[in-house]
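Visitor: Structure incoming, see below.
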Amino acid sequence: MKKLALILGAVALFATSPLPAQPRGDEPVAVPRTIKQGIDFVYVDPQMSTVARRKQRPQNWLARVFNLDFGGRRNQPNPMFVELGRGLQQYQASWGRLPQVKIPAGAALKQGSAGKRVALLRTRLGLPAGGGYDQRLAQAVSGYQMVHGLGTPDGIAGKATIASLNRGASYYARRIAINMERAWRLPQTRTFDRYVIVDSGSAQAFLMDRDRVVDRMRIIVGSPKTKTPMMAVLMRNAKANPYWHVPPELVRSLTAKKVKEQGLSYFDDFHYEVLSDWSGNGRIIDPKTVNWRAIASGKQKPAIMVRQLPGPWNSMGEMKFEMPNDFGIYLHDTPTKEKFAGDRWISNGCVRLEDYRRFANWVFGRMPAVTSSREQIIPLPRPVPIYMTYLTVAPSGNGVVFRPDPYGFDALAMPQMFGGSVKIASVG
């Protein structure tokens with residue numbers, strides 16, 4: 001952590017971004033639509049500015065990757081970058097070498113099919129002419145489907161598989177290069193002893209110790225409508241038994257509406273309390289002293305604070321991990337563990353941890369002592385860098401495996417990195 005110590009020595013240890021002009025509660029702030037986030041971090045903690053940048057000029061990895069040699073460098077690119085670089089080489093040497101012929105649209109092709117489209121499919125996958133849709137072709141299609149993230153590899157060349165083949169190897173090489181660009185912005189080797197990579201592309205968190213993945217866990221991240229942004233931040237503390245502070249807009253659109261529907265018993269039924277203001281020194285007040293009708297109608301701005309008490313009902317779970325940033329993003333426990341078994345792109349932007357105790361043990365070096373049933377702030381022994389990224393390609397033993405692009409960030413990154421076209425580097 002020598003580099004981090006130097007960074008922290010330059011400014012106050014607990015310096016944070018300026019407080020917002022208006023209270024915003026415990027829900028993320030959407031990334032402005034004017035920001036086309038394909039490859040750049042939207043926020044970098046000021047204390048991380050020497051090891052992470054908000055914007056960088058993209059590299060043309062398609063032209064450079066075959067000449068990359070980091071063996072003599074002390075601080076090499078992040079291991080995820082190096083693995084993707086090797087994956088791109090292997091992809092170009094295998095799938096990239098195949099004839100890039102187009103296959104006309106039509107009915108699904110499977111074993112027993114014959115005709116011109118089958119012949120073109122055989123050519124496209126590098127098989128000799130003749131033989132029709134035999135077992136060998138079915139295996140080649142299945143292998144293609146597995147690498148390119150086309151669902152269950154069934155060996156049937158349906159609409160999605162044909163469309164993917166017709167995109168051509170250059171499209172997929174670009175996607176690898178886009179992911180290399182994101183991985184290039186992760187910390188170089190030997191920058192930190194320990195750090196965390198939060199990948200909203202795979203919905204996983206990677207705990208890194210001396211640039212090795214020592215643990216990983218599933219996470220729940222933002223939905224396609226409320227995306228988890230890419231940023232570089234410092235985690236400074238955790239809150240055990242956290243409150244959930246209702247954002248002022250939700251006080252108007254949710255809380256006041258519920259009071260109208262259910263009456264003041266809503267606060268007791270769902271474990272909320274009302275405070276006089278957001279100053280930090282607000283006093284608890286009786287909800288009946290508030291004009292909820294005026295707040296619901298928009299005639300009165302809610303100056304009061306509404307917060308949900310700690311407990312098994314609280315959406316923050318038992319612990320919240322804080323990392324000040326412009327977008328109100330943080331990591332936290334959740335009471336709904338069953339959600340990890342399904343679609344994990346469902347949050348409002350913050351990150352839910354599959355096992356907060358395992359995570360806390362790692363970032364603190366032990367499970368911190370919790371001495372109160374009320375909210376308790378527990379400073380970390382030293383801040384932990386958190387790199388939030390978005391990877392839709394994973395290295396594999398034989399190259400790479402493509403994943404879905406739930407946020408559409410790859411599509412945004414294509415013109416950022418390549419403009420209208422790009423020449424694919426030769427592997428010959």
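In the structure tokens, chains take the letters A, B, ... in the order shown, each chain's residues start at 1, and ligands count up from 1 in the order shown.
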Sort by chain and increasing residue number a table of all residues of region 315-377 of chain A within 6 Å of region 216-220 of chain A, each with its closest pair of atoms and their distance in Å to one decimal, counting only C-alpha atoms, and write it as JSON lines.

Guide:
{"residue": "A:Arg344", "atom": "CA", "partner": "A:Ile220", "partner_atom": "CA", "distance": 4.6}
{"residue": "A:Trp345", "atom": "CA", "partner": "A:Ile220", "partner_atom": "CA", "distance": 6.0}
{"residue": "A:Val351", "atom": "CA", "partner": "A:Ile220", "partner_atom": "CA", "distance": 5.6}
{"residue": "A:Arg352", "atom": "CA", "partner": "A:Ile220", "partner_atom": "CA", "distance": 4.9}
{"residue": "A:Leu353", "atom": "CA", "partner": "A:Ile219", "partner_atom": "CA", "distance": 4.9}
{"residue": "A:Glu354", "atom": "CA", "partner": "A:Arg218", "partner_atom": "CA", "distance": 5.6}

Visitor: Residues at most 9 Å from region 35-37 of chain A, counting only C-alpha atoms, excluding those fewer than 4 positions away in the same chain, as an MDAnalysis selection string?

Guide: chainID A and resid 31 41:42 229:230 409 412:413

Visitor: Pick out the residues sitting within 12 Å of Gln22 (chain A), and hand them over as a compact mmCIF listing (two decimals) with N, CA, C and O atoms, in the first residue's frame; count only C-alpha atoms, and ignore anything fewer than 5 positions along from it in its own chain.

Guide:
# COMPACT_ATOMS: atom_id res chain seq x y z
N PRO A 247 -34.78 9.23 0.19
CA PRO A 247 -34.52 10.47 -0.55
C PRO A 247 -35.74 11.38 -0.55
O PRO A 247 -36.88 10.90 -0.54
N PRO A 248 -35.53 12.71 -0.55
CA PRO A 248 -36.66 13.64 -0.50
C PRO A 248 -37.71 13.40 -1.59
O PRO A 248 -38.90 13.52 -1.33
N GLU A 249 -37.27 13.04 -2.79
CA GLU A 249 -38.24 12.79 -3.85
C GLU A 249 -39.13 11.59 -3.52
O GLU A 249 -40.33 11.59 -3.80
N ASP A 277 -35.04 17.46 10.42
CA ASP A 277 -34.26 17.98 9.28
C ASP A 277 -33.12 17.03 8.97
O ASP A 277 -32.96 15.98 9.60
N TRP A 278 -32.29 17.43 7.96
CA TRP A 278 -31.18 16.61 7.49
C TRP A 278 -29.83 17.07 8.07
O TRP A 278 -28.77 16.68 7.58
N SER A 279 -29.84 17.87 9.11
CA SER A 279 -28.60 18.49 9.60
C SER A 279 -27.65 17.50 10.25
O SER A 279 -26.47 17.80 10.42
N LYS A 301 -42.12 21.33 -0.10
CA LYS A 301 -40.94 20.48 -0.20
C LYS A 301 -40.67 19.83 1.15
O LYS A 301 -40.76 20.49 2.19
N PRO A 302 -40.35 18.54 1.15
CA PRO A 302 -40.13 17.85 2.42
C PRO A 302 -38.78 18.22 3.05
O PRO A 302 -37.73 17.72 2.63
N ALA A 303 -38.80 19.09 4.04
CA ALA A 303 -37.58 19.45 4.75
C ALA A 303 -37.23 18.41 5.81
O ALA A 303 -36.09 18.33 6.27

Visitor: So that I can check the surroundings of region 355-357 of chain A, please list as a list in words every protein, DNA and RNA residue that reaches within 8 Å of it, counting only C-alpha atoms and ignoring chain neighbours fewer than 5 positions away.

Guide: Met217, Met319, His332, Asp333 and Met367 of chain A

Visitor: Would you export the selected residues with N, CA and C atoms as a PDB file, in the first residue's frame, please?

Guide:
ATOM      1  N   MET A 217     -17.130 -13.146  -5.211  1.00  0.00           N
ATOM      2  CA  MET A 217     -18.501 -13.442  -4.792  1.00  0.00           C
ATOM      3  C   MET A 217     -19.487 -12.810  -5.753  1.00  0.00           C
ATOM      4  N   MET A 319     -25.020  -4.483   7.174  1.00  0.00           N
ATOM      5  CA  MET A 319     -23.835  -3.622   7.056  1.00  0.00           C
ATOM      6  C   MET A 319     -23.806  -2.923   5.699  1.00  0.00           C
ATOM      7  N   HIS A 332     -23.473  -2.971  -0.009  1.00  0.00           N
ATOM      8  CA  HIS A 332     -24.208  -3.272   1.226  1.00  0.00           C
ATOM      9  C   HIS A 332     -24.717  -4.699   1.250  1.00  0.00           C
ATOM     10  N   ASP A 333     -25.050  -5.132   2.438  1.00  0.00           N
ATOM     11  CA  ASP A 333     -25.707  -6.419   2.671  1.00  0.00           C
ATOM     12  C   ASP A 333     -27.152  -6.315   2.187  1.00  0.00           C
ATOM     13  N   MET A 367     -13.658  -9.785  11.372  1.00  0.00           N
ATOM     14  CA  MET A 367     -15.026  -9.289  11.456  1.00  0.00           C
ATOM     15  C   MET A 367     -15.065  -8.216  12.536  1.00  0.00           C
TER      16      MET A 367
END

Visitor: Run DSSP on the backbone and give me the residues of region 38-71 of chain A it puts in helix (DSSP H, G or I), as a list of chain:residue names.

Guide: A:Pro46, A:Gln47, A:Met48, A:Trp61, A:Leu62, A:Ala63, A:Arg64, A:Val65, A:Phe66, A:Asn67

Visitor: Save the residues we just selected, all heavy atoms, as a PDB file, in the first residue's frame?

Guide:
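The resulting file, part30.pdb, is reproduced below:
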ATOM      1  N   PRO A  46     -10.623  12.012  -5.595  1.00  0.00           N
ATOM      2  CA  PRO A  46      -9.451  12.894  -5.722  1.00  0.00           C
ATOM      3  C   PRO A  46      -8.166  12.254  -5.212  1.00  0.00           C
ATOM      4  O   PRO A  46      -7.086  12.513  -5.732  1.00  0.00           O
ATOM      5  CB  PRO A  46      -9.840  14.113  -4.886  1.00  0.00           C
ATOM      6  CG  PRO A  46     -11.332  14.136  -4.923  1.00  0.00           C
ATOM      7  CD  PRO A  46     -11.753  12.692  -4.937  1.00  0.00           C
ATOM      8  N   GLN A  47      -8.269  11.405  -4.196  1.00  0.00           N
ATOM      9  CA  GLN A  47      -7.077  10.765  -3.647  1.00  0.00           C
ATOM     10  C   GLN A  47      -6.594   9.603  -4.508  1.00  0.00           C
ATOM     11  O   GLN A  47      -5.545   9.020  -4.224  1.00  0.00           O
ATOM     12  CB  GLN A  47      -7.366  10.293  -2.223  1.00  0.00           C
ATOM     13  CG  GLN A  47      -7.664  11.449  -1.279  1.00  0.00           C
ATOM     14  CD  GLN A  47      -7.896  10.987   0.142  1.00  0.00           C
ATOM     15  OE1 GLN A  47      -7.378   9.962   0.561  1.00  0.00           O
ATOM     16  NE2 GLN A  47      -8.678  11.734   0.893  1.00  0.00           N
ATOM     17  N   MET A  48      -7.343   9.274  -5.552  1.00  0.00           N
ATOM     18  CA  MET A  48      -6.942   8.211  -6.474  1.00  0.00           C
ATOM     19  C   MET A  48      -6.471   8.779  -7.808  1.00  0.00           C
ATOM     20  O   MET A  48      -6.196   8.037  -8.748  1.00  0.00           O
ATOM     21  CB  MET A  48      -8.130   7.282  -6.731  1.00  0.00           C
ATOM     22  CG  MET A  48      -8.640   6.549  -5.500  1.00  0.00           C
ATOM     23  SD  MET A  48      -7.780   5.006  -5.263  1.00  0.00           S
ATOM     24  CE  MET A  48      -8.665   3.995  -6.450  1.00  0.00           C
ATOM     25  N   TRP A  61      -5.941  -1.421 -29.397  1.00  0.00           N
ATOM     26  CA  TRP A  61      -5.375  -2.707 -29.004  1.00  0.00           C
ATOM     27  C   TRP A  61      -5.384  -3.712 -30.144  1.00  0.00           C
ATOM     28  O   TRP A  61      -4.561  -4.639 -30.163  1.00  0.00           O
ATOM     29  CB  TRP A  61      -6.129  -3.262 -27.792  1.00  0.00           C
ATOM     30  CG  TRP A  61      -6.023  -2.353 -26.616  1.00  0.00           C
ATOM     31  CD1 TRP A  61      -7.036  -1.671 -25.991  1.00  0.00           C
ATOM     32  CD2 TRP A  61      -4.824  -1.963 -25.946  1.00  0.00           C
ATOM     33  NE1 TRP A  61      -6.548  -0.893 -24.988  1.00  0.00           N
ATOM     34  CE2 TRP A  61      -5.190  -1.044 -24.931  1.00  0.00           C
ATOM     35  CE3 TRP A  61      -3.478  -2.279 -26.104  1.00  0.00           C
ATOM     36  CZ2 TRP A  61      -4.263  -0.475 -24.074  1.00  0.00           C
ATOM     37  CZ3 TRP A  61      -2.558  -1.700 -25.252  1.00  0.00           C
ATOM     38  CH2 TRP A  61      -2.945  -0.811 -24.250  1.00  0.00           C
ATOM     39  N   LEU A  62      -6.259  -3.544 -31.100  1.00  0.00           N
ATOM     40  CA  LEU A  62      -6.275  -4.478 -32.231  1.00  0.00           C
ATOM     41  C   LEU A  62      -4.983  -4.390 -33.027  1.00  0.00           C
ATOM     42  O   LEU A  62      -4.527  -5.375 -33.606  1.00  0.00           O
ATOM     43  CB  LEU A  62      -7.474  -4.182 -33.133  1.00  0.00           C
ATOM     44  CG  LEU A  62      -8.841  -4.486 -32.518  1.00  0.00           C
ATOM     45  CD1 LEU A  62      -9.939  -4.041 -33.457  1.00  0.00           C
ATOM     46  CD2 LEU A  62      -8.974  -5.953 -32.207  1.00  0.00           C
ATOM     47  N   ALA A  63      -4.396  -3.207 -33.065  1.00  0.00           N
ATOM     48  CA  ALA A  63      -3.146  -3.046 -33.809  1.00  0.00           C
ATOM     49  C   ALA A  63      -1.930  -3.327 -32.934  1.00  0.00           C
ATOM     50  O   ALA A  63      -0.875  -3.712 -33.432  1.00  0.00           O
ATOM     51  CB  ALA A  63      -3.053  -1.623 -34.367  1.00  0.00           C
ATOM     52  N   ARG A  64      -2.075  -3.162 -31.603  1.00  0.00           N
ATOM     53  CA  ARG A  64      -0.917  -3.240 -30.725  1.00  0.00           C
ATOM     54  C   ARG A  64      -0.727  -4.587 -30.047  1.00  0.00           C
ATOM     55  O   ARG A  64       0.373  -4.932 -29.647  1.00  0.00           O
ATOM     56  CB  ARG A  64      -1.036  -2.184 -29.616  1.00  0.00           C
ATOM     57  CG  ARG A  64      -1.049  -0.758 -30.122  1.00  0.00           C
ATOM     58  CD  ARG A  64      -1.185   0.192 -28.942  1.00  0.00           C
ATOM     59  NE  ARG A  64      -1.200   1.586 -29.398  1.00  0.00           N
ATOM     60  CZ  ARG A  64      -0.628   2.576 -28.750  1.00  0.00           C
ATOM     61  NH1 ARG A  64      -0.003   2.340 -27.624  1.00  0.00           N
ATOM     62  NH2 ARG A  64      -0.692   3.801 -29.208  1.00  0.00           N
ATOM     63  N   VAL A  65      -1.824  -5.332 -29.876  1.00  0.00           N
ATOM     64  CA  VAL A  65      -1.769  -6.463 -28.964  1.00  0.00           C
ATOM     65  C   VAL A  65      -0.737  -7.502 -29.351  1.00  0.00           C
ATOM     66  O   VAL A  65      -0.132  -8.140 -28.493  1.00  0.00           O
ATOM     67  CB  VAL A  65      -3.157  -7.115 -28.825  1.00  0.00           C
ATOM     68  CG1 VAL A  65      -3.564  -7.831 -30.096  1.00  0.00           C
ATOM     69  CG2 VAL A  65      -3.197  -8.056 -27.632  1.00  0.00           C
ATOM     70  N   PHE A  66      -0.448  -7.669 -30.634  1.00  0.00           N
ATOM     71  CA  PHE A  66       0.481  -8.715 -31.040  1.00  0.00           C
ATOM     72  C   PHE A  66       1.936  -8.313 -30.837  1.00  0.00           C
ATOM     73  O   PHE A  66       2.831  -9.124 -30.987  1.00  0.00           O
ATOM     74  CB  PHE A  66       0.217  -9.106 -32.497  1.00  0.00           C
ATOM     75  CG  PHE A  66      -1.162  -9.663 -32.671  1.00  0.00           C
ATOM     76  CD1 PHE A  66      -2.180  -8.900 -33.225  1.00  0.00           C
ATOM     77  CD2 PHE A  66      -1.463 -10.934 -32.217  1.00  0.00           C
ATOM     78  CE1 PHE A  66      -3.456  -9.402 -33.351  1.00  0.00           C
ATOM     79  CE2 PHE A  66      -2.738 -11.447 -32.344  1.00  0.00           C
ATOM     80  CZ  PHE A  66      -3.751 -10.679 -32.912  1.00  0.00           C
ATOM     81  N   ASN A  67       2.167  -7.067 -30.472  1.00  0.00           N
ATOM     82  CA  ASN A  67       3.530  -6.606 -30.206  1.00  0.00           C
ATOM     83  C   ASN A  67       3.727  -6.243 -28.737  1.00  0.00           C
ATOM     84  O   ASN A  67       4.766  -5.711 -28.370  1.00  0.00           O
ATOM     85  CB  ASN A  67       3.851  -5.380 -31.076  1.00  0.00           C
ATOM     86  CG  ASN A  67       3.775  -5.706 -32.558  1.00  0.00           C
ATOM     87  OD1 ASN A  67       4.305  -6.718 -32.990  1.00  0.00           O
ATOM     88  ND2 ASN A  67       3.107  -4.852 -33.324  1.00  0.00           N
TER      89      ASN A  67
END

Visitor: As a ChimeraX atom specification, please: the residues near Met80 (chain A) (cut-off 12 Å, only C-alpha atoms, same-chain neighbours under 4 positions excluded).

Guide: /A:76,84-87,176,179-189,197,199,206,208,211-213,389,391,393-396,400

Visitor: Can you spit out the residues from that selection as a PDB file, in the first residue's frame, using N, CA and C atoms?

Guide:
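Output below, filename selection10.pdb:
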ATOM      1  N   GLN A  76       3.352  -3.758 -14.511  1.00  0.00           N
ATOM      2  CA  GLN A  76       2.668  -4.226 -15.698  1.00  0.00           C
ATOM      3  C   GLN A  76       1.186  -3.865 -15.620  1.00  0.00           C
ATOM      4  N   LEU A  84      -6.867 -10.806 -21.073  1.00  0.00           N
ATOM      5  CA  LEU A  84      -7.699 -10.472 -22.233  1.00  0.00           C
ATOM      6  C   LEU A  84      -6.846 -10.283 -23.483  1.00  0.00           C
ATOM      7  N   GLY A  85      -5.632  -9.736 -23.326  1.00  0.00           N
ATOM      8  CA  GLY A  85      -4.725  -9.591 -24.457  1.00  0.00           C
ATOM      9  C   GLY A  85      -4.361 -10.940 -25.057  1.00  0.00           C
ATOM     10  N   ARG A  86      -4.073 -11.888 -24.183  1.00  0.00           N
ATOM     11  CA  ARG A  86      -3.788 -13.246 -24.675  1.00  0.00           C
ATOM     12  C   ARG A  86      -5.029 -13.837 -25.339  1.00  0.00           C
ATOM     13  N   GLY A  87      -6.186 -13.559 -24.724  1.00  0.00           N
ATOM     14  CA  GLY A  87      -7.433 -14.061 -25.293  1.00  0.00           C
ATOM     15  C   GLY A  87      -7.690 -13.516 -26.681  1.00  0.00           C
ATOM     16  N   ILE A 176     -13.551  -7.555 -27.642  1.00  0.00           N
ATOM     17  CA  ILE A 176     -12.431  -7.902 -26.759  1.00  0.00           C
ATOM     18  C   ILE A 176     -11.578  -6.670 -26.509  1.00  0.00           C
ATOM     19  N   ASN A 179     -13.083  -4.347 -23.997  1.00  0.00           N
ATOM     20  CA  ASN A 179     -12.894  -4.847 -22.642  1.00  0.00           C
ATOM     21  C   ASN A 179     -11.451  -4.715 -22.190  1.00  0.00           C
ATOM     22  N   MET A 180     -10.512  -4.847 -23.114  1.00  0.00           N
ATOM     23  CA  MET A 180      -9.112  -4.595 -22.777  1.00  0.00           C
ATOM     24  C   MET A 180      -8.920  -3.143 -22.347  1.00  0.00           C
ATOM     25  N   GLU A 181      -9.605  -2.232 -23.030  1.00  0.00           N
ATOM     26  CA  GLU A 181      -9.499  -0.819 -22.674  1.00  0.00           C
ATOM     27  C   GLU A 181      -9.997  -0.583 -21.244  1.00  0.00           C
ATOM     28  N   ARG A 182     -11.103  -1.229 -20.892  1.00  0.00           N
ATOM     29  CA  ARG A 182     -11.606  -1.092 -19.516  1.00  0.00           C
ATOM     30  C   ARG A 182     -10.615  -1.698 -18.522  1.00  0.00           C
ATOM     31  N   ALA A 183     -10.061  -2.868 -18.872  1.00  0.00           N
ATOM     32  CA  ALA A 183      -9.107  -3.520 -17.974  1.00  0.00           C
ATOM     33  C   ALA A 183      -7.801  -2.731 -17.877  1.00  0.00           C
ATOM     34  N   TRP A 184      -7.448  -1.993 -18.929  1.00  0.00           N
ATOM     35  CA  TRP A 184      -6.254  -1.132 -18.923  1.00  0.00           C
ATOM     36  C   TRP A 184      -6.375  -0.063 -17.840  1.00  0.00           C
ATOM     37  N   ARG A 185      -7.596   0.320 -17.495  1.00  0.00           N
ATOM     38  CA  ARG A 185      -7.841   1.371 -16.510  1.00  0.00           C
ATOM     39  C   ARG A 185      -7.915   0.838 -15.082  1.00  0.00           C
ATOM     40  N   LEU A 186      -7.789  -0.483 -14.933  1.00  0.00           N
ATOM     41  CA  LEU A 186      -7.649  -1.066 -13.603  1.00  0.00           C
ATOM     42  C   LEU A 186      -6.209  -0.861 -13.129  1.00  0.00           C
ATOM     43  N   PRO A 187      -5.953  -0.998 -11.817  1.00  0.00           N
ATOM     44  CA  PRO A 187      -4.606  -0.651 -11.324  1.00  0.00           C
ATOM     45  C   PRO A 187      -3.511  -1.543 -11.878  1.00  0.00           C
ATOM     46  N   GLN A 188      -2.378  -0.915 -12.202  1.00  0.00           N
ATOM     47  CA  GLN A 188      -1.211  -1.675 -12.618  1.00  0.00           C
ATOM     48  C   GLN A 188      -0.724  -2.547 -11.469  1.00  0.00           C
ATOM     49  N   THR A 189       0.054  -3.562 -11.800  1.00  0.00           N
ATOM     50  CA  THR A 189       0.585  -4.434 -10.761  1.00  0.00           C
ATOM     51  C   THR A 189       1.453  -3.625  -9.787  1.00  0.00           C
ATOM     52  N   ILE A 197     -12.196  -5.289  -7.200  1.00  0.00           N
ATOM     53  CA  ILE A 197     -12.760  -5.001  -8.514  1.00  0.00           C
ATOM     54  C   ILE A 197     -14.227  -5.403  -8.483  1.00  0.00           C
ATOM     55  N   ASP A 199     -17.294  -5.818 -10.771  1.00  0.00           N
ATOM     56  CA  ASP A 199     -17.576  -5.947 -12.202  1.00  0.00           C
ATOM     57  C   ASP A 199     -19.077  -6.099 -12.413  1.00  0.00           C
ATOM     58  N   PHE A 206     -14.344  -9.124  -7.148  1.00  0.00           N
ATOM     59  CA  PHE A 206     -13.082  -9.837  -7.049  1.00  0.00           C
ATOM     60  C   PHE A 206     -12.223  -9.179  -5.973  1.00  0.00           C
ATOM     61  N   MET A 208      -8.721  -8.660  -4.467  1.00  0.00           N
ATOM     62  CA  MET A 208      -7.378  -8.775  -5.024  1.00  0.00           C
ATOM     63  C   MET A 208      -6.325  -8.559  -3.938  1.00  0.00           C
ATOM     64  N   ASP A 211      -2.359  -8.378  -6.489  1.00  0.00           N
ATOM     65  CA  ASP A 211      -2.778  -8.534  -7.890  1.00  0.00           C
ATOM     66  C   ASP A 211      -3.251  -9.948  -8.229  1.00  0.00           C
ATOM     67  N   ARG A 212      -3.533 -10.752  -7.236  1.00  0.00           N
ATOM     68  CA  ARG A 212      -4.107 -12.070  -7.462  1.00  0.00           C
ATOM     69  C   ARG A 212      -5.536 -12.095  -6.920  1.00  0.00           C
ATOM     70  N   VAL A 213      -6.418 -12.786  -7.615  1.00  0.00           N
ATOM     71  CA  VAL A 213      -7.781 -12.958  -7.117  1.00  0.00           C
ATOM     72  C   VAL A 213      -7.736 -13.988  -6.002  1.00  0.00           C
ATOM     73  N   THR A 389     -15.981  -1.573 -12.636  1.00  0.00           N
ATOM     74  CA  THR A 389     -15.812  -1.671 -14.077  1.00  0.00           C
ATOM     75  C   THR A 389     -16.955  -2.466 -14.684  1.00  0.00           C
ATOM     76  N   LEU A 391     -17.131  -5.629 -17.501  1.00  0.00           N
ATOM     77  CA  LEU A 391     -16.458  -6.540 -18.418  1.00  0.00           C
ATOM     78  C   LEU A 391     -17.458  -7.526 -18.994  1.00  0.00           C
ATOM     79  N   VAL A 393     -16.457  -9.684 -21.538  1.00  0.00           N
ATOM     80  CA  VAL A 393     -15.663 -10.770 -22.113  1.00  0.00           C
ATOM     81  C   VAL A 393     -14.782 -11.317 -21.001  1.00  0.00           C
ATOM     82  N   ALA A 394     -14.738 -12.626 -20.869  1.00  0.00           N
ATOM     83  CA  ALA A 394     -13.933 -13.258 -19.828  1.00  0.00           C
ATOM     84  C   ALA A 394     -12.852 -14.127 -20.463  1.00  0.00           C
ATOM     85  N   PRO A 395     -11.609 -14.063 -19.968  1.00  0.00           N
ATOM     86  CA  PRO A 395     -10.582 -14.972 -20.475  1.00  0.00           C
ATOM     87  C   PRO A 395     -10.953 -16.420 -20.164  1.00  0.00           C
ATOM     88  N   SER A 396     -10.541 -17.335 -21.031  1.00  0.00           N
ATOM     89  CA  SER A 396     -10.757 -18.761 -20.801  1.00  0.00           C
ATOM     90  C   SER A 396      -9.502 -19.508 -21.211  1.00  0.00           C
ATOM     91  N   VAL A 400     -11.305 -16.726 -25.062  1.00  0.00           N
ATOM     92  CA  VAL A 400     -12.243 -15.892 -24.317  1.00  0.00           C
ATOM     93  C   VAL A 400     -13.641 -16.490 -24.401  1.00  0.00           C
TER      94      VAL A 400
END

Visitor: Choose the residue, out of A:Glu375, A:Asp405, A:Glu27, A:Asp343, that has the smallest atom-to-atom separation from Val221 (chain A); count only C-alpha atoms.

Guide: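 Using only C-alpha atoms, Val221 (chain A) sits closest to A:Asp343.
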
Visitor: Run DSSP on the backbone and grab whatever in region 164-324 of chain A lands in strand (DSSP E or B); send it over as number ranges by chain.

Guide: A: 194-199, 204-209, 212-222, 231-240, 244-245, 272-275, 284-285, 305-308, 319-322

Visitor: For a quick check of understanding, using only C-alpha atoms, which of A:Glu273, A:Asp134, A:Glu261, A:Asp193 has the smallest distance to Val363 (chain A)?

Guide: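 The closest residue to Val363 (chain A) is A:Asp193.
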
Visitor: For each of A:Ile329, A:Gly408, A:Trp362, A:Pro79, take the minimum atom-to-atom distance to Val233 (chain A), counting only C-alpha atoms, then give the residue where this is smallest.

Guide: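 Between A:Ile329, A:Gly408, A:Trp362, A:Pro79, the residue approaching Val233 (chain A) most closely is A:Ile329.
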
Visitor: Give me, as a PyMOL selection string, all polymer residues having an atom no more than 10 Å from Ile304 (chain A), counting only C-alpha atoms and skipping those fewer than 5 positions away in the same chain.

Guide: chain A and resi 248+251+274-279+282-285+287+290

Visitor: Choose the residue, out of A:Ser253, A:Tyr144, A:Ala232, A:Lys260, that has the smallest atom-to-atom separation from Thr50 (chain A); count only C-alpha atoms.

Guide: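 The closest residue to Thr50 (chain A) is A:Ala232.
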
Visitor: Of the residues A:Ala163, A:Leu120, A:Met235, A:Val101, which is the one nearest to Tyr195 (chain A), using only C-alpha atoms?

Guide: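 Once distances to Tyr195 (chain A) are computed over only C-alpha atoms, the minimum belongs to A:Met235.
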
Visitor: Nearest residue to Phe364 (chain A) out of A:His271, A:Arg97, A:Arg382, A:Lys110, using only C-alpha atoms?

Guide: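 Of all the options, A:Arg382 lies closest to Phe364 (chain A).
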